[in-house]
Amino acid sequence: MDHRPQAWGRPRDDVYGAYDHSYFQNTGPRQATQAPIVTGTSVIAIKYKDGVVMAADNLASYGSLARFPDVKRLRVFLDSSVIGFSGDVSDMQFLDRHLTELSIDEAYEDPSSDNKGHLNAANLHKYLQKFLYKRRNDFDPLWNQLLIAGFDGDAKPYLASVDLRGTSFTSPSLATGFGSALAQPIMRRYAATEEDAAKLTREQAVEVVKECMKVLYYRDARSLDRYSIAVVTKEGVELKEDEQLEKQSWAFAERIKGYGTQTV
Amino acid sequence: MTSIGTGYDLANSIFSPDGRNFQVEYAVKAVENGSTSIGIRCKDGIVLAAEKVITSKLLKQGANKRIATVDRHLGIVYSGMIPDGRHFVDRARDEARGWRDNWKTPITTKDLASRMGGYMQAYTLYQSVRPFGITAIIGGYDSELETPVDGEVGSGPSVGAGGKVAGKKHGGPFLYMVEPSGLYWGYYGAATGKGRQAAKAELEKLDLSSDGESSLTLEQAVKEAARIIYVAHDDNKDKEFELEMTWISGADGPTKGRHMEVPEALRKEAEKYAERMTAKDVEEEEETKDSGDKMEE
C-alpha cells in the first residue's frame, strides 16, 4: 500500500493499476471563442445638438431561440458615457466587469464630485478599440460590436463604434448588426452630416431612434418589442430600460408574398 | 515605560514578561504625533475629515490628498506615518478588487475592516517587519438597494421571493477604526492623531447613536466634523492647516452611495461655521477668566 501523500484520495495502484495521468493533462490545443453563443442584436445611436440618443432591445438570443427577454445591453460609464453592446452576451459581461474596475480606478484618482478629469467617451472609445484589437491579435476576440456615446474633450457630442477586430468608426449616426442595413439609411435621412445632426432637437432624435427600433422589430427575426433607450447630455445619462414599442402597424405584412405556406 | 532597556522592545514578535509588545506600543506613539483625523457615522451617511498640517509653503493647495477612495462606496483616512498609510490604502484597494473578482459584488465595510485588521495584525508577528505606524478610519456605505452582481444583464423570470425576507433592512453607513495592533472596532464617531482627545470629547457630545429627530443629519455632520478638526487643532495653533473632508450618503442622498469629496461650497460653509464656533469658545473662556480675576481682587 502506498502511503505517500501524493497517493491520497487516488484509486489504489494495487487494485486499479497505475493512475492514468493522461486524463489530467492540460497541454491540449489552446481554445478560443469560435462563434458567439448567446447574442444581442442591433444597437443604434444618433447624435443631436446637445448629446446622443442610443437604443437596443432587451433580448439575448440563443441561436434563433429568444432565450432571455430582459437583458440590459446599454451600460452607463461614470455617469457620463453610454456603451451599447451587440454580439456575445458573456463577452459583454466580461467587458462590463472590466469597465467597472476601470471606473473604480478613476475614482481612486479623482474623488471630487464633478466629472472633471475623468475618462470621457472619446477616451473610452480609444481604450476599448485598443482592448478589442489586442484580443483579436491574440486570436481570442471578444465577439462584440460596441457603440460608445458621450462627449469628447471639447465637450462636443461623441459617437463611435468598435468591433471584434478592433475596427473603429465615428459618424453622426451609427448602427451595429442588422441595424447597419435597416436603421442606418433611415437615420441618415435626418443626420447625414455633422451639420445636420447639430440641427436635430432631442425630441426629433428620440423619435427617429424609436422609428428605427420599430422597423428593426418588423424585419429582424432576432429582435424584441421591449427595449432600452439612453439619452446622453452634459448633465448626465438618462437611461430607461423597460420601454415598449408603441403604435406598431403590421399592415405591411399583408403585402409580403412568397414565404411559407402561402399559395397565392 | 519602565521596561525600556530590558531588551524586550528590540524586536517585534517578542512579548515582555508582563505581556506587552513594545514595538506595537511605539507604533501607537507614532500615531499620536500624526495630524488629526476623524470619522463620523450618522443616520444617513459617513463623514471623514483630516487636518492636513502645511509643512511647506511650496506645497500646492489642495494637492496631496490624505483621504483615499478604496471602492466606490468606501473611504479611508489615517493618522501617523503617511507612507505606511499609503501602503495600507493600496492593500485595501487590492482586497476590495479581489473581493469583486471572487464574489462579483462590492465588499462590505465590515469585511474590509476585518481583512485590513488581519493585515495589520500580521505585522505584529514577525521579526522581519515592523508594525504599521498608523491608525486608519474606514468608512463605507453598504448599498441598501437590491444591487445586481457585477456584469449581471437581467433578472430572469420572476419565481417568488428566492429566499429573500420581505421588509428586512440591508446595508447602511458603517465606520471602523483599525489600530497598529490590528485591533478594529466599529464606532459611531472615531478620532485619531494628535488632537484625538479633544476630538473624542466633542464627538461624544453629538447624538450619533439614535435614529430619532435629534440625531445628526449628514449635512450637520459635515459641519460638526469641520468644527471638531478646528477644535482639535487648537493646541497646535502656530501651524497652518488645510481641512480635507469626504462623505458617503445612501443611494437617495447627495453622493448616491459613493465616496466623494465634500463639494467646495459646502466645505467653505462648514469651515466658516467651524471658525465662528471656535472663536466663540475662546471668547467665553476669556470672559470666565476675566471674572475669575475680579473675584480674586
# chains A, B, ... in the order shown; residues from 1 in each chain; ligands from 1
call {"tool": "interface_residues", "arguments": {"of": "chain A", "to": "chain B", "cutoff": "8 Å", "atoms": "only C-alpha atoms", "output": "list in words"}}
result
Phe68, Pro69, Asp70, Val71, Lys72, Arg73, Met92, Gln93, Phe94, Asp96, Arg97, Thr100, Glu101, Ile104, Ala107, Tyr108, Pro111, Ser112 and Ser113 of chain A
call {"tool": "write_last_selection", "arguments": {"atoms": "C-alpha atoms", "output": "JSON list (two decimals), in the first residue's frame"}}
result
[["chain", "number", "residue", "atom", "x", "y", "z"],
["A", 68, "PHE", "CA", -33.52, 35.87, -22.35],
["A", 69, "PRO", "CA", -36.13, 38.64, -22.78],
["A", 70, "ASP", "CA", -34.91, 41.07, -20.08],
["A", 71, "VAL", "CA", -31.28, 41.69, -20.93],
["A", 72, "LYS", "CA", -29.92, 45.19, -20.44],
["A", 73, "ARG", "CA", -27.42, 45.92, -23.20],
["A", 92, "MET", "CA", -20.30, 41.76, -22.85],
["A", 93, "GLN", "CA", -20.42, 40.71, -19.20],
["A", 94, "PHE", "CA", -16.64, 40.33, -19.20],
["A", 96, "ASP", "CA", -18.78, 45.20, -18.23],
["A", 97, "ARG", "CA", -16.80, 43.90, -15.25],
["A", 100, "THR", "CA", -16.39, 48.54, -13.56],
["A", 101, "GLU", "CA", -12.77, 48.05, -12.48],
["A", 104, "ILE", "CA", -13.14, 52.38, -9.74],
["A", 107, "ALA", "CA", -12.49, 57.09, -8.52],
["A", 108, "TYR", "CA", -9.08, 56.49, -6.87],
["A", 111, "PRO", "CA", -12.77, 61.61, -5.69],
["A", 112, "SER", "CA", -14.23, 65.04, -6.36],
["A", 113, "SER", "CA", -17.92, 65.32, -7.03]]
call {"tool": "select_by_dssp", "arguments": {"residues": "range 20-242 of chain A", "states": "helix (DSSP H, G or I)", "output": "PyMOL selection string"}}
result
chain A and resi 21-24+89-109+121-137+179-182+184-190+194-197+202-219
call {"tool": "residues_around", "arguments": {"residues": "Ile46 in chain A", "least_positions_apart": "4", "cutoff": "8 Å", "atoms": "only C-alpha atoms", "output": "PyMOL selection string"}}
result
chain A and resi 52-54+159+172-174+187+191+197+205+209
call {"tool": "write_last_selection", "arguments": {"atoms": "all heavy atoms", "output": "compact mmCIF listing (two decimals), in the first residue's frame"}}
result
# COMPACT_ATOMS: atom_id res chain seq x y z
N VAL A 52 -26.41 62.65 -27.43
CA VAL A 52 -26.54 61.46 -28.25
C VAL A 52 -27.69 60.62 -27.70
O VAL A 52 -27.89 60.55 -26.49
CB VAL A 52 -25.24 60.61 -28.22
CG1 VAL A 52 -25.29 59.50 -29.26
CG2 VAL A 52 -24.01 61.46 -28.42
N VAL A 53 -28.45 59.98 -28.60
CA VAL A 53 -29.50 59.04 -28.19
C VAL A 53 -29.09 57.65 -28.66
O VAL A 53 -28.62 57.49 -29.78
CB VAL A 53 -30.86 59.42 -28.83
CG1 VAL A 53 -31.94 58.46 -28.35
CG2 VAL A 53 -31.24 60.83 -28.49
N MET A 54 -29.24 56.66 -27.77
CA MET A 54 -28.87 55.30 -28.14
C MET A 54 -29.97 54.34 -27.71
O MET A 54 -30.63 54.57 -26.69
CB MET A 54 -27.56 54.90 -27.46
CG MET A 54 -26.98 53.58 -27.95
SD MET A 54 -25.57 53.02 -26.97
CE MET A 54 -24.29 54.06 -27.58
N LEU A 159 -19.80 60.05 -30.81
CA LEU A 159 -20.40 58.73 -31.07
C LEU A 159 -19.43 57.93 -31.92
O LEU A 159 -18.95 58.42 -32.94
CB LEU A 159 -21.74 58.88 -31.79
CG LEU A 159 -22.42 57.60 -32.27
CD1 LEU A 159 -22.76 56.69 -31.10
CD2 LEU A 159 -23.68 57.93 -33.06
N PRO A 172 -22.17 60.67 -37.48
CA PRO A 172 -23.31 61.30 -36.78
C PRO A 172 -24.36 60.30 -36.35
O PRO A 172 -25.07 60.52 -35.39
CB PRO A 172 -23.88 62.27 -37.81
CG PRO A 172 -22.89 62.37 -38.89
CD PRO A 172 -21.99 61.20 -38.83
N SER A 173 -24.49 59.18 -37.09
CA SER A 173 -25.38 58.12 -36.64
C SER A 173 -24.70 56.78 -36.89
O SER A 173 -23.95 56.64 -37.86
CB SER A 173 -26.71 58.18 -37.40
OG SER A 173 -26.49 57.87 -38.75
N LEU A 174 -24.94 55.82 -36.01
CA LEU A 174 -24.29 54.51 -36.16
C LEU A 174 -25.25 53.41 -35.77
O LEU A 174 -26.13 53.60 -34.92
CB LEU A 174 -23.05 54.42 -35.28
CG LEU A 174 -21.76 55.07 -35.78
CD1 LEU A 174 -20.73 55.10 -34.67
CD2 LEU A 174 -21.19 54.35 -36.99
N MET A 187 -31.74 56.75 -40.37
CA MET A 187 -31.10 57.79 -39.55
C MET A 187 -30.35 58.77 -40.43
O MET A 187 -30.32 59.98 -40.13
CB MET A 187 -30.15 57.14 -38.54
CG MET A 187 -30.89 56.38 -37.44
SD MET A 187 -29.85 55.91 -36.07
CE MET A 187 -28.90 54.59 -36.78
N ALA A 191 -29.76 62.76 -40.27
CA ALA A 191 -28.43 63.23 -39.87
C ALA A 191 -27.37 62.63 -40.79
O ALA A 191 -26.64 61.73 -40.39
CB ALA A 191 -28.16 62.87 -38.42
N ALA A 197 -26.86 66.78 -37.94
CA ALA A 197 -27.06 66.26 -36.59
C ALA A 197 -27.13 67.40 -35.60
O ALA A 197 -27.92 67.37 -34.64
CB ALA A 197 -25.95 65.30 -36.23
N ALA A 205 -34.52 63.46 -32.32
CA ALA A 205 -33.58 62.34 -32.28
C ALA A 205 -34.22 61.11 -31.64
O ALA A 205 -34.10 60.00 -32.15
CB ALA A 205 -32.32 62.75 -31.51
N VAL A 209 -34.98 57.46 -33.43
CA VAL A 209 -34.49 56.20 -32.86
C VAL A 209 -35.65 55.24 -32.61
O VAL A 209 -35.56 54.05 -32.92
CB VAL A 209 -33.69 56.49 -31.57
CG1 VAL A 209 -33.52 55.22 -30.75
CG2 VAL A 209 -32.33 57.07 -31.90
call {"tool": "residues_around", "arguments": {"residues": "Val24 in chain B", "least_positions_apart": "4", "cutoff": "8 Å", "atoms": "only C-alpha atoms", "output": "MDAnalysis selection string"}}
result
chainID B and resid 12 28 124 131 180:181
call {"tool": "residues_around", "arguments": {"residues": "Thr36 in chain B", "least_positions_apart": "2", "cutoff": "7 Å", "atoms": "only C-alpha atoms", "output": "PyMOL selection string"}}
result
chain B and resi 34+38+50-51+79+192-196
call {"tool": "write_last_selection", "arguments": {"atoms": "N, CA, C and O atoms", "output": "tab-separated table (two decimals), in the first residue's frame"}}
result
chain	number	residue	atom	x	y	z
B	34	GLY	N	0.89	62.10	14.84
B	34	GLY	CA	0.40	62.44	13.50
B	34	GLY	C	-0.72	63.45	13.56
B	34	GLY	O	-1.32	63.67	14.61
B	38	ILE	N	-10.64	62.28	11.73
B	38	ILE	CA	-11.84	61.80	12.40
B	38	ILE	C	-12.81	61.19	11.40
B	38	ILE	O	-12.71	61.41	10.20
B	50	ALA	N	-9.86	65.19	7.72
B	50	ALA	CA	-8.45	65.16	8.11
B	50	ALA	C	-7.92	66.57	8.25
B	50	ALA	O	-8.27	67.46	7.47
B	51	GLU	N	-7.09	66.76	9.26
B	51	GLU	CA	-6.37	68.01	9.43
B	51	GLU	C	-5.04	67.83	8.72
B	51	GLU	O	-4.27	66.93	9.06
B	79	SER	N	-4.04	58.50	10.39
B	79	SER	CA	-3.08	59.39	11.06
B	79	SER	C	-1.81	58.61	11.33
B	79	SER	O	-1.87	57.42	11.60
B	192	THR	N	-8.42	60.01	15.73
B	192	THR	CA	-7.06	59.56	15.98
B	192	THR	C	-6.08	60.67	15.61
B	192	THR	O	-6.45	61.64	14.97
B	193	GLY	N	-4.84	60.51	16.05
B	193	GLY	CA	-3.83	61.54	15.80
B	193	GLY	C	-3.67	62.46	17.00
B	193	GLY	O	-4.22	62.21	18.08
B	194	LYS	N	-2.94	63.53	16.77
B	194	LYS	CA	-2.55	64.43	17.86
B	194	LYS	C	-3.74	64.98	18.64
B	194	LYS	O	-3.73	65.00	19.87
B	195	GLY	N	-4.79	65.39	17.94
B	195	GLY	CA	-5.91	66.05	18.61
B	195	GLY	C	-7.03	65.10	19.00
B	195	GLY	O	-8.16	65.54	19.22
B	196	ARG	N	-6.73	63.81	19.14
B	196	ARG	CA	-7.81	62.82	19.32
B	196	ARG	C	-8.59	63.02	20.61
B	196	ARG	O	-9.80	62.80	20.64
call {"tool": "select_by_dssp", "arguments": {"residues": "range 124-194 of chain B", "states": "strand (DSSP E or B)", "output": "PyMOL selection string"}}
result
chain B and resi 134-142+172-178+184-186+189-192
